[in-house]
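*Asks:* Okay, handing you the structure first.
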Amino acid sequence: MSNDICRLKESVERKHVRYQNRYGIALAGDLYTAKGLDQNRSYPAIVVGAPYGGVKEQGPCVYAGELARRGFVVLTFDPCYMGESGGEPRHVSSPDLFSENISAGVDYLGLLPCVDRERIAALGICGSGGFALSAAAADTRIRAVVTASMYDMSVAARLGLTPEQLQERKEKLSLQRWKDAENGTPEYIPTFPEEAVTEIPDELQGILREFYEFYATGRGHHPNALGGFTTTSDLSFINYALNDHIAEISPRPILFIVGEQAESRFFSDMAFERAAEPKRMLVVPDCNHVDLYDDTSKIPFEAIEAFLRDSLCGTDCDQKEA
């Protein structure tokens with residue numbers, strides 16, 4: 001992957017950490033802070049979730065480095081069953097587990113002496129936007145939520161399917177469980193090549209082309225994120241609605257950030273409609289879905305910082321300079 005995407009500014013430091021979620025699965029994380037952070041004070045903190053299928057080195061590091069520079073303590077992590085985190089078999093996905101990973105990050109941050117437990121937010125990119133909202137609906141310790149290019153994977157699992165097609169999909173996935181049981185391991189088919197490529201197949205268009213351009217090329221390719229999950233992981237998303245209780249996040253605030261040209265924008269529109277006040281939608285001009293993963297010229301950090309300061313701190317957040 002690009003050597004630049006996770007490059008730290010001189011004013012920021014990063015430390016690798018490990019902790020467990022409530023299921024006892026070890027999670028691998030990176031903790032970002034401004035250099036010279038006064039350990040005798042407590043600061044607002046943010047847990048940042050990766051795009052669905054991504055790891056902490058893809059997108060989360062971009063947000064974490066910049067927000068740490070601005071005075072926040074920031075935690076990124078690999079979802080369980082992925083990357084450097086624990087969990088067997090590999091590449092399993094679950095709406096409950098992936099939402100739990102957000103709350104586990106809150107657990108970790110809240111044990112740090114330099115973090116104010118009353119000022120912790122969640123920021124989710126792509127699928128983690130849906131997981132962050134789901135976590136916050138139940139976990140009242142999450143005081144504010146920011147989503148960027150939010151994907152609701154439980155909506156996506158049923159999207160565009162007629163009742164007959166949905167039944168056929170369930171049948172196919174259910175029968176795959178027999179195959180997995182016979183083989184002793186679940187089927188996993190990667191989406192992207194093991195090595196970064198320079199060309200994108202012509203047949204890929206729209207958001208699928210965007211995903212390939214990020215995950216398969218030097219822009220964002222990472223050996224721990226080759227795309228996709230175990231085939232039968234889809235069953236849990238078909239049977240689970242992530243954001244049925246999104247209105248219960250109120251009165252804690254939500255900021256939805258979407259690209260003006262993002263095909264995924266309707267996910268944020270749907271969630272925004274169902275969320276209660278206070279809520280805000282920020283549409284970034286000339287911006288597609290994956291631009292909000294890593295394009296610092298388009299990610300609205302000033303707006304994110306202002307929202308978090310207002311939501312978590314009032315006038316009591318330290319601001320760091322580059």
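Identifiers for the structure tokens are assigned positionally: chains receive A, B, ... in sequence, residues are indexed from 1 per chain, and ligands are indexed from 1 in the order shown.
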Give me the residues near Val62 of chain A as a list of chain:residue names, where near means some atom within 8 Å (using only C-alpha atoms) and where sequence neighbours in that chain fewer than 5 positions away do not count.

*Replies:*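 Here the qualifying residues turn out to be A:Ile5, A:Cys6, A:Tyr293, A:Asp294, A:Thr296.
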
*Asks:* Quick one: everything within 12 Å of Ala262 of chain A, counting only C-alpha atoms, minus sequence neighbours fewer than 2 positions away in the same chain. Send it as a VMD selection string.

*Replies:* chain A and resid 126 148 to 151 206 to 208 210 to 211 257 to 260 264 to 269 283 to 292

*Asks:* Once you have the residues from the selection above, write them out as a PDB file, in the first residue's frame, restricted to N, CA and C atoms.

*Replies:*
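again-v7.pdb, freshly written:
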```pdb
ATOM      1  N   CYS A 126     -17.533   4.100   6.189  1.00  0.00           N
ATOM      2  CA  CYS A 126     -18.208   3.071   5.395  1.00  0.00           C
ATOM      3  C   CYS A 126     -19.022   2.158   6.322  1.00  0.00           C
ATOM      4  N   ALA A 148     -18.758   8.608   8.027  1.00  0.00           N
ATOM      5  CA  ALA A 148     -18.219   9.085   6.748  1.00  0.00           C
ATOM      6  C   ALA A 148     -18.493   8.018   5.694  1.00  0.00           C
ATOM      7  N   SER A 149     -19.232   8.380   4.646  1.00  0.00           N
ATOM      8  CA  SER A 149     -19.616   7.417   3.599  1.00  0.00           C
ATOM      9  C   SER A 149     -20.266   6.184   4.214  1.00  0.00           C
ATOM     10  N   MET A 150     -21.219   6.400   5.107  1.00  0.00           N
ATOM     11  CA  MET A 150     -21.810   5.307   5.873  1.00  0.00           C
ATOM     12  C   MET A 150     -22.496   4.270   4.983  1.00  0.00           C
ATOM     13  N   TYR A 151     -22.235   3.013   5.310  1.00  0.00           N
ATOM     14  CA  TYR A 151     -22.904   1.858   4.701  1.00  0.00           C
ATOM     15  C   TYR A 151     -23.627   1.115   5.812  1.00  0.00           C
ATOM     16  N   GLY A 206     -18.680   2.382 -11.558  1.00  0.00           N
ATOM     17  CA  GLY A 206     -19.365   2.910 -10.388  1.00  0.00           C
ATOM     18  C   GLY A 206     -18.599   2.654  -9.108  1.00  0.00           C
ATOM     19  N   ILE A 207     -19.346   2.359  -8.040  1.00  0.00           N
ATOM     20  CA  ILE A 207     -18.716   2.211  -6.734  1.00  0.00           C
ATOM     21  C   ILE A 207     -17.819   0.982  -6.670  1.00  0.00           C
ATOM     22  N   LEU A 208     -18.103  -0.045  -7.480  1.00  0.00           N
ATOM     23  CA  LEU A 208     -17.230  -1.220  -7.500  1.00  0.00           C
ATOM     24  C   LEU A 208     -15.856  -0.856  -8.041  1.00  0.00           C
ATOM     25  N   GLU A 210     -14.553   2.139  -7.708  1.00  0.00           N
ATOM     26  CA  GLU A 210     -13.949   2.916  -6.634  1.00  0.00           C
ATOM     27  C   GLU A 210     -13.312   1.995  -5.590  1.00  0.00           C
ATOM     28  N   PHE A 211     -14.043   0.956  -5.190  1.00  0.00           N
ATOM     29  CA  PHE A 211     -13.506   0.010  -4.211  1.00  0.00           C
ATOM     30  C   PHE A 211     -12.217  -0.620  -4.727  1.00  0.00           C
ATOM     31  N   ILE A 257     -21.503  12.437   7.175  1.00  0.00           N
ATOM     32  CA  ILE A 257     -20.720  13.069   6.116  1.00  0.00           C
ATOM     33  C   ILE A 257     -20.809  12.188   4.879  1.00  0.00           C
ATOM     34  N   VAL A 258     -21.200  12.770   3.754  1.00  0.00           N
ATOM     35  CA  VAL A 258     -21.330  12.006   2.516  1.00  0.00           C
ATOM     36  C   VAL A 258     -20.712  12.782   1.360  1.00  0.00           C
ATOM     37  N   GLY A 259     -20.264  12.054   0.361  1.00  0.00           N
ATOM     38  CA  GLY A 259     -19.793  12.679  -0.862  1.00  0.00           C
ATOM     39  C   GLY A 259     -20.967  13.009  -1.769  1.00  0.00           C
ATOM     40  N   GLU A 260     -20.903  14.142  -2.399  1.00  0.00           N
ATOM     41  CA  GLU A 260     -21.972  14.580  -3.293  1.00  0.00           C
ATOM     42  C   GLU A 260     -22.229  13.560  -4.399  1.00  0.00           C
ATOM     43  N   SER A 264     -23.383   5.534  -2.534  1.00  0.00           N
ATOM     44  CA  SER A 264     -23.833   5.043  -1.231  1.00  0.00           C
ATOM     45  C   SER A 264     -24.588   6.101  -0.424  1.00  0.00           C
ATOM     46  N   ARG A 265     -24.778   7.263  -0.978  1.00  0.00           N
ATOM     47  CA  ARG A 265     -25.359   8.367  -0.214  1.00  0.00           C
ATOM     48  C   ARG A 265     -26.719   8.023   0.382  1.00  0.00           C
ATOM     49  N   PHE A 266     -27.485   7.174  -0.287  1.00  0.00           N
ATOM     50  CA  PHE A 266     -28.832   6.859   0.187  1.00  0.00           C
ATOM     51  C   PHE A 266     -28.818   6.168   1.548  1.00  0.00           C
ATOM     52  N   PHE A 267     -27.712   5.454   1.880  1.00  0.00           N
ATOM     53  CA  PHE A 267     -27.637   4.843   3.209  1.00  0.00           C
ATOM     54  C   PHE A 267     -27.659   5.924   4.289  1.00  0.00           C
ATOM     55  N   SER A 268     -26.886   6.983   4.087  1.00  0.00           N
ATOM     56  CA  SER A 268     -26.872   8.082   5.059  1.00  0.00           C
ATOM     57  C   SER A 268     -28.202   8.817   5.071  1.00  0.00           C
ATOM     58  N   ASP A 269     -28.800   8.991   3.900  1.00  0.00           N
ATOM     59  CA  ASP A 269     -30.108   9.659   3.832  1.00  0.00           C
ATOM     60  C   ASP A 269     -31.151   8.883   4.630  1.00  0.00           C
ATOM     61  N   VAL A 283     -22.685  17.403   3.171  1.00  0.00           N
ATOM     62  CA  VAL A 283     -22.435  16.873   1.832  1.00  0.00           C
ATOM     63  C   VAL A 283     -21.182  17.540   1.275  1.00  0.00           C
ATOM     64  N   VAL A 284     -20.201  16.732   0.917  1.00  0.00           N
ATOM     65  CA  VAL A 284     -18.922  17.244   0.418  1.00  0.00           C
ATOM     66  C   VAL A 284     -18.979  17.323  -1.105  1.00  0.00           C
ATOM     67  N   PRO A 285     -18.786  18.504  -1.685  1.00  0.00           N
ATOM     68  CA  PRO A 285     -18.857  18.651  -3.149  1.00  0.00           C
ATOM     69  C   PRO A 285     -17.753  17.866  -3.861  1.00  0.00           C
ATOM     70  N   ASP A 286     -18.065  17.451  -5.097  1.00  0.00           N
ATOM     71  CA  ASP A 286     -17.073  16.791  -5.955  1.00  0.00           C
ATOM     72  C   ASP A 286     -16.354  15.670  -5.220  1.00  0.00           C
ATOM     73  N   CYS A 287     -17.129  14.804  -4.579  1.00  0.00           N
ATOM     74  CA  CYS A 287     -16.558  13.773  -3.709  1.00  0.00           C
ATOM     75  C   CYS A 287     -17.338  12.485  -3.878  1.00  0.00           C
ATOM     76  N   ASN A 288     -16.634  11.351  -4.065  1.00  0.00           N
ATOM     77  CA  ASN A 288     -17.317  10.072  -4.162  1.00  0.00           C
ATOM     78  C   ASN A 288     -17.200   9.305  -2.838  1.00  0.00           C
ATOM     79  N   HIS A 289     -17.568   8.041  -2.855  1.00  0.00           N
ATOM     80  CA  HIS A 289     -17.591   7.248  -1.627  1.00  0.00           C
ATOM     81  C   HIS A 289     -16.198   7.094  -1.020  1.00  0.00           C
ATOM     82  N   VAL A 290     -15.244   6.606  -1.797  1.00  0.00           N
ATOM     83  CA  VAL A 290     -13.932   6.289  -1.221  1.00  0.00           C
ATOM     84  C   VAL A 290     -13.055   7.519  -1.012  1.00  0.00           C
ATOM     85  N   ASP A 291     -13.419   8.658  -1.586  1.00  0.00           N
ATOM     86  CA  ASP A 291     -12.653   9.877  -1.317  1.00  0.00           C
ATOM     87  C   ASP A 291     -12.609  10.171   0.177  1.00  0.00           C
ATOM     88  N   LEU A 292     -13.679   9.796   0.889  1.00  0.00           N
ATOM     89  CA  LEU A 292     -13.730  10.065   2.324  1.00  0.00           C
ATOM     90  C   LEU A 292     -12.958   9.038   3.140  1.00  0.00           C
TER      91      LEU A 292
END
```

*Asks:* Write out as a list in words all residues of segment 138-189 of chain A that backbone DSSP assigns to helix (DSSP H, G or I).

*Replies:*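 Assigned to helix (DSSP H, G or I), within segment 138-189 of chain A: Ala138, Met153, Ser154, Val155, Ala156, Pro163, Glu164, Gln165, Leu166, Gln167, Glu168, Arg169, Lys170, Glu171, Lys172, Leu173, Ser174, Leu175, Gln176, Arg177, Trp178, Lys179, Asp180, Ala181, Glu182 and Asn183 of chain A.
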
*Asks:* Go ahead and write the residues just picked, C-alpha atoms, as a PDB file, in the first residue's frame.

*Replies:*
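Result file part15.pdb:
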```pdb
ATOM      1  CA  ALA A 138     -27.156   0.773  23.084  1.00  0.00           C
ATOM      2  CA  MET A 153     -24.532  -3.636   5.845  1.00  0.00           C
ATOM      3  CA  SER A 154     -27.827  -5.114   7.072  1.00  0.00           C
ATOM      4  CA  VAL A 155     -29.720  -3.021   4.519  1.00  0.00           C
ATOM      5  CA  ALA A 156     -27.139  -3.897   1.862  1.00  0.00           C
ATOM      6  CA  PRO A 163     -38.952 -11.955  -1.781  1.00  0.00           C
ATOM      7  CA  GLU A 164     -38.257 -14.847  -4.133  1.00  0.00           C
ATOM      8  CA  GLN A 165     -34.643 -13.815  -4.667  1.00  0.00           C
ATOM      9  CA  LEU A 166     -34.149 -13.331  -0.928  1.00  0.00           C
ATOM     10  CA  GLN A 167     -35.479 -16.819  -0.259  1.00  0.00           C
ATOM     11  CA  GLU A 168     -33.145 -18.216  -2.903  1.00  0.00           C
ATOM     12  CA  ARG A 169     -30.231 -16.364  -1.313  1.00  0.00           C
ATOM     13  CA  LYS A 170     -31.051 -17.759   2.132  1.00  0.00           C
ATOM     14  CA  GLU A 171     -31.329 -21.252   0.713  1.00  0.00           C
ATOM     15  CA  LYS A 172     -27.953 -21.016  -1.000  1.00  0.00           C
ATOM     16  CA  LEU A 173     -26.222 -19.672   2.103  1.00  0.00           C
ATOM     17  CA  SER A 174     -27.904 -22.221   4.349  1.00  0.00           C
ATOM     18  CA  LEU A 175     -26.711 -25.073   2.139  1.00  0.00           C
ATOM     19  CA  GLN A 176     -23.213 -23.565   2.171  1.00  0.00           C
ATOM     20  CA  ARG A 177     -23.183 -24.244   5.888  1.00  0.00           C
ATOM     21  CA  TRP A 178     -23.342 -27.994   5.128  1.00  0.00           C
ATOM     22  CA  LYS A 179     -20.311 -27.617   2.865  1.00  0.00           C
ATOM     23  CA  ASP A 180     -18.439 -25.615   5.498  1.00  0.00           C
ATOM     24  CA  ALA A 181     -19.252 -28.210   8.154  1.00  0.00           C
ATOM     25  CA  GLU A 182     -18.058 -31.031   5.903  1.00  0.00           C
ATOM     26  CA  ASN A 183     -14.847 -29.178   5.037  1.00  0.00           C
TER      27      ASN A 183
END
```

*Asks:* Using only C-alpha atoms for the distances, tell me which of A:Thr198, A:Arg119, A:Leu97, A:Ser128 is nearest to Arg309 of chain A.

*Replies:*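 Using only C-alpha atoms, Arg309 of chain A sits closest to A:Arg119.
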
*Asks:* I'd like the contact shell of Ala157 of chain A - 10 Å cut-off, only C-alpha atoms, skipping same-chain residues fewer than 2 positions apart - returned as a ChimeraX atom specification.

*Replies:* /A:152-155,159-161,166,169,234-241

*Asks:* Just the selected residues (all heavy atoms), exported as a short mmCIF file (atom, residue, chain, number, x, y, z; two decimals), in the first residue's frame, please.

*Replies:*
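The result, written out as again39.cif:
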```
data_model
loop_
_atom_site.label_atom_id
_atom_site.label_comp_id
_atom_site.auth_asym_id
_atom_site.auth_seq_id
_atom_site.Cartn_x
_atom_site.Cartn_y
_atom_site.Cartn_z
N ASP A 152 -24.90 0.80 5.62
CA ASP A 152 -25.62 -0.06 6.55
C ASP A 152 -25.59 -1.46 5.94
O ASP A 152 -26.32 -1.75 4.99
CB ASP A 152 -27.06 0.43 6.73
CG ASP A 152 -27.83 -0.39 7.76
OD1 ASP A 152 -27.58 -1.61 7.87
OD2 ASP A 152 -28.70 0.19 8.43
N MET A 153 -24.74 -2.33 6.46
CA MET A 153 -24.53 -3.64 5.84
C MET A 153 -25.75 -4.55 5.98
O MET A 153 -25.92 -5.48 5.19
CB MET A 153 -23.30 -4.32 6.44
CG MET A 153 -22.00 -3.55 6.24
SD MET A 153 -21.71 -3.00 4.53
CE MET A 153 -21.79 -4.54 3.64
N SER A 154 -26.61 -4.31 6.96
CA SER A 154 -27.83 -5.11 7.07
C SER A 154 -28.84 -4.72 6.00
O SER A 154 -29.57 -5.58 5.48
CB SER A 154 -28.44 -4.98 8.47
OG SER A 154 -28.74 -3.65 8.79
N VAL A 155 -28.89 -3.46 5.64
CA VAL A 155 -29.72 -3.02 4.52
C VAL A 155 -29.13 -3.54 3.21
O VAL A 155 -29.84 -4.05 2.34
CB VAL A 155 -29.84 -1.49 4.48
CG1 VAL A 155 -30.51 -1.02 3.18
CG2 VAL A 155 -30.61 -0.97 5.69
N LEU A 159 -30.64 -5.59 -0.16
CA LEU A 159 -30.91 -4.52 -1.12
C LEU A 159 -31.23 -5.06 -2.51
O LEU A 159 -30.47 -5.84 -3.09
CB LEU A 159 -29.70 -3.59 -1.20
CG LEU A 159 -29.89 -2.28 -1.96
CD1 LEU A 159 -30.92 -1.40 -1.25
CD2 LEU A 159 -28.56 -1.53 -2.06
N GLY A 160 -32.36 -4.62 -3.07
CA GLY A 160 -32.72 -4.95 -4.44
C GLY A 160 -33.25 -6.34 -4.66
O GLY A 160 -33.52 -6.73 -5.80
N LEU A 161 -33.40 -7.14 -3.61
CA LEU A 161 -33.86 -8.51 -3.76
C LEU A 161 -35.37 -8.61 -3.61
O LEU A 161 -35.96 -8.06 -2.67
CB LEU A 161 -33.19 -9.42 -2.71
CG LEU A 161 -31.67 -9.54 -2.77
CD1 LEU A 161 -31.17 -10.45 -1.65
CD2 LEU A 161 -31.20 -10.05 -4.12
N LEU A 166 -34.65 -13.26 -2.30
CA LEU A 166 -34.15 -13.33 -0.93
C LEU A 166 -34.23 -14.76 -0.40
O LEU A 166 -33.28 -15.25 0.24
CB LEU A 166 -34.94 -12.39 -0.03
CG LEU A 166 -34.50 -12.33 1.44
CD1 LEU A 166 -33.06 -11.89 1.56
CD2 LEU A 166 -35.42 -11.41 2.24
N ARG A 169 -31.51 -16.72 -1.93
CA ARG A 169 -30.23 -16.36 -1.31
C ARG A 169 -30.07 -17.07 0.02
O ARG A 169 -29.00 -17.63 0.33
CB ARG A 169 -30.16 -14.85 -1.13
CG ARG A 169 -28.91 -14.32 -0.46
CD ARG A 169 -27.71 -14.46 -1.34
NE ARG A 169 -26.53 -13.83 -0.77
CZ ARG A 169 -25.29 -14.25 -1.00
NH1 ARG A 169 -25.07 -15.28 -1.80
NH2 ARG A 169 -24.27 -13.63 -0.46
N ASP A 234 -22.94 -13.51 5.45
CA ASP A 234 -24.08 -12.73 4.97
C ASP A 234 -25.38 -13.12 5.67
O ASP A 234 -26.30 -12.30 5.78
CB ASP A 234 -24.25 -12.91 3.46
CG ASP A 234 -23.24 -12.12 2.65
OD1 ASP A 234 -22.49 -11.34 3.26
OD2 ASP A 234 -23.22 -12.28 1.42
N LEU A 235 -25.48 -14.36 6.14
CA LEU A 235 -26.72 -14.79 6.79
C LEU A 235 -27.06 -13.93 8.00
O LEU A 235 -28.22 -13.60 8.23
CB LEU A 235 -26.61 -16.26 7.22
CG LEU A 235 -26.92 -17.31 6.15
CD1 LEU A 235 -26.54 -18.70 6.66
CD2 LEU A 235 -28.38 -17.26 5.75
N SER A 236 -26.06 -13.57 8.79
CA SER A 236 -26.32 -12.80 10.00
C SER A 236 -26.80 -11.40 9.67
O SER A 236 -27.63 -10.83 10.39
CB SER A 236 -25.08 -12.76 10.90
OG SER A 236 -23.98 -12.20 10.22
N PHE A 237 -26.31 -10.83 8.57
CA PHE A 237 -26.76 -9.49 8.18
C PHE A 237 -28.17 -9.53 7.60
O PHE A 237 -28.95 -8.59 7.80
CB PHE A 237 -25.77 -8.87 7.19
CG PHE A 237 -24.49 -8.44 7.83
CD1 PHE A 237 -23.39 -9.28 7.85
CD2 PHE A 237 -24.38 -7.20 8.44
CE1 PHE A 237 -22.21 -8.90 8.45
CE2 PHE A 237 -23.20 -6.80 9.06
CZ PHE A 237 -22.11 -7.66 9.07
N ILE A 238 -28.51 -10.58 6.90
CA ILE A 238 -29.87 -10.74 6.41
C ILE A 238 -30.86 -10.80 7.57
O ILE A 238 -31.99 -10.32 7.48
CB ILE A 238 -29.98 -12.02 5.54
CG1 ILE A 238 -29.27 -11.80 4.20
CG2 ILE A 238 -31.43 -12.42 5.30
CD1 ILE A 238 -29.20 -13.06 3.33
N ASN A 239 -30.42 -11.35 8.69
CA ASN A 239 -31.30 -11.61 9.82
C ASN A 239 -31.19 -10.58 10.93
O ASN A 239 -31.73 -10.80 12.02
CB ASN A 239 -30.99 -13.01 10.39
CG ASN A 239 -32.14 -13.57 11.19
OD1 ASN A 239 -33.30 -13.43 10.81
ND2 ASN A 239 -31.84 -14.22 12.30
N TYR A 240 -30.50 -9.46 10.68
CA TYR A 240 -30.21 -8.50 11.76
C TYR A 240 -30.28 -7.09 11.20
O TYR A 240 -29.64 -6.80 10.20
CB TYR A 240 -28.81 -8.79 12.30
CG TYR A 240 -28.34 -7.98 13.49
CD1 TYR A 240 -28.20 -8.56 14.74
CD2 TYR A 240 -27.97 -6.64 13.36
CE1 TYR A 240 -27.73 -7.85 15.83
CE2 TYR A 240 -27.51 -5.91 14.44
CZ TYR A 240 -27.38 -6.53 15.68
OH TYR A 240 -26.91 -5.80 16.75
N ALA A 241 -31.07 -6.25 11.82
CA ALA A 241 -31.18 -4.85 11.37
C ALA A 241 -30.32 -3.97 12.28
O ALA A 241 -30.62 -3.79 13.46
CB ALA A 241 -32.62 -4.39 11.39
#
```

*Asks:* Which is closest to Phe229 of chain A among A:Ala28, A:Ala137, A:Val73, A:Val92, if we use only C-alpha atoms?

*Replies:*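 Closest to Phe229 of chain A of all the choices is A:Val92.
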
*Asks:* From the options A:Ala45, A:Thr232, A:Glu194, A:Leu67, which residue's atoms come nearest to Ala303 of chain A, counting only C-alpha atoms?

*Replies:*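 The closest residue to Ala303 of chain A is A:Leu67.
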
*Asks:* List every residue of segment 36-242 of chain A that DSSP, applied to the backbone, labels as strand (DSSP E or B), and write the result as a VMD selection string.

*Replies:* chain A and resid 43 to 49 73 to 77 115 to 125 142 to 148 188 197 217 230

*Asks:* Take the residues from that selection and put them in a file with N, CA, C and O atoms, as a tab-separated table (two decimals), in the first residue's frame.

*Replies:*
```
chain	number	residue	atom	x	y	z
A	43	TYR	N	-8.35	14.10	28.34
A	43	TYR	CA	-8.67	14.64	27.03
A	43	TYR	C	-9.87	13.93	26.41
A	43	TYR	O	-10.18	12.78	26.76
A	44	PRO	N	-10.54	14.57	25.47
A	44	PRO	CA	-11.60	13.89	24.71
A	44	PRO	C	-10.97	12.83	23.81
A	44	PRO	O	-9.83	12.96	23.37
A	45	ALA	N	-11.73	11.78	23.54
A	45	ALA	CA	-11.18	10.66	22.79
A	45	ALA	C	-12.16	10.18	21.73
A	45	ALA	O	-13.37	10.40	21.83
A	46	ILE	N	-11.62	9.49	20.73
A	46	ILE	CA	-12.42	9.00	19.61
A	46	ILE	C	-11.95	7.59	19.26
A	46	ILE	O	-10.74	7.34	19.15
A	47	VAL	N	-12.89	6.69	19.05
A	47	VAL	CA	-12.57	5.38	18.49
A	47	VAL	C	-13.01	5.40	17.03
A	47	VAL	O	-14.12	5.82	16.71
A	48	VAL	N	-12.10	5.00	16.13
A	48	VAL	CA	-12.34	5.10	14.69
A	48	VAL	C	-12.42	3.70	14.08
A	48	VAL	O	-11.47	2.91	14.21
A	49	GLY	N	-13.53	3.40	13.41
A	49	GLY	CA	-13.73	2.12	12.77
A	49	GLY	C	-13.43	2.18	11.29
A	49	GLY	O	-13.73	3.15	10.60
A	73	VAL	N	-7.41	12.20	21.75
A	73	VAL	CA	-6.79	10.88	21.87
A	73	VAL	C	-7.60	9.95	20.97
A	73	VAL	O	-8.82	9.87	21.10
A	74	VAL	N	-6.94	9.26	20.05
A	74	VAL	CA	-7.67	8.51	19.02
A	74	VAL	C	-7.19	7.06	18.96
A	74	VAL	O	-5.99	6.80	18.92
A	75	LEU	N	-8.15	6.15	18.92
A	75	LEU	CA	-7.86	4.72	18.83
A	75	LEU	C	-8.39	4.17	17.50
A	75	LEU	O	-9.55	4.37	17.15
A	76	THR	N	-7.53	3.48	16.76
A	76	THR	CA	-7.95	2.71	15.59
A	76	THR	C	-7.75	1.23	15.91
A	76	THR	O	-7.01	0.88	16.83
A	77	PHE	N	-8.39	0.35	15.14
A	77	PHE	CA	-8.28	-1.08	15.46
A	77	PHE	C	-8.59	-1.92	14.22
A	77	PHE	O	-9.24	-1.47	13.28
A	115	VAL	N	-7.64	10.04	29.36
A	115	VAL	CA	-8.92	10.16	28.66
A	115	VAL	C	-10.04	10.46	29.64
A	115	VAL	O	-10.14	9.84	30.71
A	116	ASP	N	-10.87	11.40	29.27
A	116	ASP	CA	-12.08	11.74	30.04
A	116	ASP	C	-13.20	10.80	29.59
A	116	ASP	O	-13.66	10.86	28.45
A	117	ARG	N	-13.65	9.93	30.47
A	117	ARG	CA	-14.68	8.96	30.11
A	117	ARG	C	-15.99	9.60	29.65
A	117	ARG	O	-16.78	8.97	28.96
A	118	GLU	N	-16.21	10.82	30.07
A	118	GLU	CA	-17.45	11.50	29.71
A	118	GLU	C	-17.35	12.19	28.35
A	118	GLU	O	-18.31	12.81	27.89
A	119	ARG	N	-16.19	12.05	27.69
A	119	ARG	CA	-16.00	12.74	26.40
A	119	ARG	C	-15.39	11.78	25.37
A	119	ARG	O	-14.31	12.00	24.87
A	120	ILE	N	-16.11	10.71	25.08
A	120	ILE	CA	-15.66	9.73	24.10
A	120	ILE	C	-16.67	9.66	22.96
A	120	ILE	O	-17.88	9.54	23.19
A	121	ALA	N	-16.18	9.72	21.74
A	121	ALA	CA	-17.02	9.67	20.54
A	121	ALA	C	-16.61	8.49	19.68
A	121	ALA	O	-15.53	7.92	19.84
A	122	ALA	N	-17.48	8.14	18.73
A	122	ALA	CA	-17.17	7.09	17.75
A	122	ALA	C	-17.25	7.69	16.35
A	122	ALA	O	-18.16	8.47	16.05
A	123	LEU	N	-16.28	7.31	15.52
A	123	LEU	CA	-16.27	7.74	14.13
A	123	LEU	C	-16.15	6.48	13.26
A	123	LEU	O	-15.20	5.73	13.41
A	124	GLY	N	-17.12	6.28	12.38
A	124	GLY	CA	-17.11	5.09	11.55
A	124	GLY	C	-17.07	5.43	10.08
A	124	GLY	O	-17.84	6.28	9.60
A	125	ILE	N	-16.17	4.77	9.35
A	125	ILE	CA	-16.04	4.96	7.92
A	125	ILE	C	-16.74	3.80	7.21
A	125	ILE	O	-16.56	2.64	7.58
A	142	ILE	N	-20.97	6.39	24.51
A	142	ILE	CA	-20.59	7.05	23.26
A	142	ILE	C	-21.37	8.34	23.17
A	142	ILE	O	-22.58	8.35	22.95
A	143	ARG	N	-20.68	9.46	23.35
A	143	ARG	CA	-21.35	10.75	23.53
A	143	ARG	C	-21.68	11.45	22.21
A	143	ARG	O	-22.49	12.39	22.19
A	144	ALA	N	-21.07	11.00	21.12
A	144	ALA	CA	-21.33	11.60	19.81
A	144	ALA	C	-20.87	10.61	18.75
A	144	ALA	O	-19.99	9.79	18.99
A	145	VAL	N	-21.48	10.70	17.56
A	145	VAL	CA	-21.13	9.80	16.47
A	145	VAL	C	-20.89	10.60	15.20
A	145	VAL	O	-21.65	11.51	14.87
A	146	VAL	N	-19.82	10.25	14.49
A	146	VAL	CA	-19.55	10.79	13.15
A	146	VAL	C	-19.50	9.61	12.19
A	146	VAL	O	-18.83	8.61	12.47
A	147	THR	N	-20.21	9.71	11.07
A	147	THR	CA	-20.10	8.69	10.03
A	147	THR	C	-19.58	9.34	8.75
A	147	THR	O	-19.93	10.48	8.45
A	148	ALA	N	-18.76	8.61	8.03
A	148	ALA	CA	-18.22	9.09	6.75
A	148	ALA	C	-18.49	8.02	5.69
A	148	ALA	O	-18.07	6.87	5.85
A	188	TYR	N	-14.12	-18.87	2.09
A	188	TYR	CA	-13.74	-17.45	2.00
A	188	TYR	C	-13.15	-17.20	0.63
A	188	TYR	O	-12.18	-17.86	0.24
A	197	VAL	N	-2.07	-3.87	-7.74
A	197	VAL	CA	-2.06	-3.82	-9.20
A	197	VAL	C	-2.06	-2.35	-9.64
A	197	VAL	O	-2.27	-1.43	-8.84
A	217	THR	N	-5.09	-1.24	-5.55
A	217	THR	CA	-3.94	-0.52	-6.07
A	217	THR	C	-3.08	0.00	-4.92
A	217	THR	O	-3.43	-0.13	-3.74
A	230	THR	N	-16.18	-14.53	5.05
A	230	THR	CA	-16.66	-15.88	4.83
A	230	THR	C	-18.06	-15.82	4.24
A	230	THR	O	-18.87	-14.97	4.62
```

*Asks:* Which residues come within 9 Å of Pro89 of chain A, counting only C-alpha atoms, excluding same-chain residues fewer than 5 positions away, as a list in words?

*Replies:* Tyr81, Thr185, Pro186 and Thr230 of chain A

*Asks:* Calculated over only C-alpha atoms, which of the candidates A:Cys114, A:Leu255, A:Leu282, A:Arg90 has the smallest distance to Ile189 of chain A?

*Replies:* A:Arg90

*Asks:* Just want the 10 Å neighbourhood of Gly54 of chain A, counted on only C-alpha atoms, with same-chain residues fewer than 6 positions away dropped. Output as a ChimeraX atom specification.

*Replies:* /A:60,78-79,82-83,125-128,215,220-222,224-228

*Asks:* Enter the distance from atom CA of Glu305 of chain A to atom CA of Val17 of chain A, in Å, rounded to one decimal.

*Replies:*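 Rounded to one decimal, the two atoms are 24.6 Å apart.
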
*Asks:* Find the distance between atom CA of Ala247 of chain A and atom CA of Thr140 of chain A and write it in Å to one decimal.

*Replies:*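 Separation between atom CA of Ala247 of chain A and atom CA of Thr140 of chain A: 12.8 Å.
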
*Asks:* In Å, with one decimal, what is the gap from atom CA of Val106 of chain A to atom CA of Ile25 of chain A?

*Replies:*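 Going from atom CA of Val106 of chain A over to atom CA of Ile25 of chain A covers 15.2 Å.
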